[in-house]
Amino acid sequence: MEVFSKIAFLEEEMNRLQIQAEEFAPFVEASLKKMKISPKMKVADIGCGTGDVCFAVSKIVGPKGSVIGVDANQTAVKYCKTVAKRRVIRNTEFVVGDAQNTQLPSHAFDAVYSRFLFQHLKNPVACLKEMVRIAKPAGVVMVEDCDLSRWVVEPANRYVEQLWTWYEGIMKAKGSDPSIGKKLYRMFVDAGMKPQVEIYSLPVLRNNRRVWDTILGVLTKIDDGDSRELIQGIESFANDKNSLFVFPLVFRVWAKASRRSAS
Ligand SMILES: C[S@@+](CC[C@H](N)C(=O)[O-])C[C@H]1O[C@@H](n2cnc3c(N)ncnc32)[C@H](O)[C@@H]1O
């Protein structure tokens, strides 16, 4: 079975996505500012995962605004609905759907956002087209994604290398592009938009057990005996006080949805 189908429904994977989203939380504020998210807006988040960005947006758009999160994984959608209910957040909605055919109405949203989804798609161009379709002409479209080849590990560690190479290999095997981040700018231009672009990286995850533990949690869960050495190797890297890991470079690209208009 393809690895993503195997892990998508695991509690461990939801936990990993949640912790990763929390680590990236400091960057969300900047993204929302660039999109000029403000009260009463209608916003869509495509491939919303555990919904962290939706919940951050919901605070700004307020009771007269709304946020809809779309994700292909029904476990993720259920997770988001549970969180919204527990926190009594009434201006969010979460639906199971495909990024390339969301079934959402045309020209309906002030902002359409997506993070770390495009690296999973066989046809990211179709997804961008869909995002533009559902955005109002004066609305904004923003996509954030990584270039998985741009990461730093110090001191060199063959197990971390192996994990990343393995992950890149899975992406390629399923027909998606692990370097999609750096291609987003061009993709927006080709779609007739005038994008702005910024890059950032999660500052150093030095000895960050929280993140490594969630990765190890997923690996341990799916291990059929072959990955024991890999798991132990990563564990010892994470335990090393001097280990340094810098997350792959993230590209933040955004533009007004109207074709050939200034952003
Ligand atoms: C790495 S997670 C990112 C989640 C969230 N956007 C974040 O930044 O925390 C990628 C998400 O995209 C979803 N996804 C993958 N392919 C999809 C598709 N074709 N349509 C909709 N969602 C998809 C996955 O289920 C997963 O929740």
# chains A, B, ... in the order shown; residues from 1 in each chain; ligands from 1

$ residues_around --residues "A:Asn15" --least-positions-apart "3" --cutoff "10 Å" --atoms "only C-alpha atoms" --output "list in words"
Leu10, Glu11, Glu12, Gln18, Ile19, Gln20, Ala21, Thr50, Val211, Asp213, Thr214, Ile215, Gly217 and Val218 of chain A

$ select_by_dssp --residues "stretch 32-257 of chain A" --states "alpha helix (DSSP H)" --output "PyMOL selection string"
chain A and resi 32-34+52-61+74-86+124-134+158-173+180-190+209-222+228-239

$ residues_near_ligand --ligand "ligand 1" --cutoff "10 Å" --atoms "only C-alpha atoms and all ligand atoms" --output "number ranges by chain"
A: 4-5, 8-9, 13-14, 16-25, 28, 45-54, 69-77, 95-102, 113-124, 127, 143-145

$ residues_around --residues "stretch 248-257 of chain A" --least-positions-apart "3" --cutoff "9 Å" --atoms "only C-alpha atoms" --output "JSON, numbers by chain"
{"A": [31, 34, 35, 111, 113, 115, 116, 131, 132, 133, 135, 136, 137, 138, 139, 140, 141, 142, 143, 144, 145, 146, 147, 148, 149, 150, 151, 152, 181, 182, 183, 184, 185, 188, 193, 194, 195, 196, 197, 198, 199, 200, 201, 202, 260, 261, 262, 263]}

$ residues_around --residues "A:Ser236" --least-positions-apart "6" --cutoff "12 Å" --atoms "only C-alpha atoms" --output "ChimeraX atom specification"
/A:157-160,207,209,212-213,216,229-230,242-243
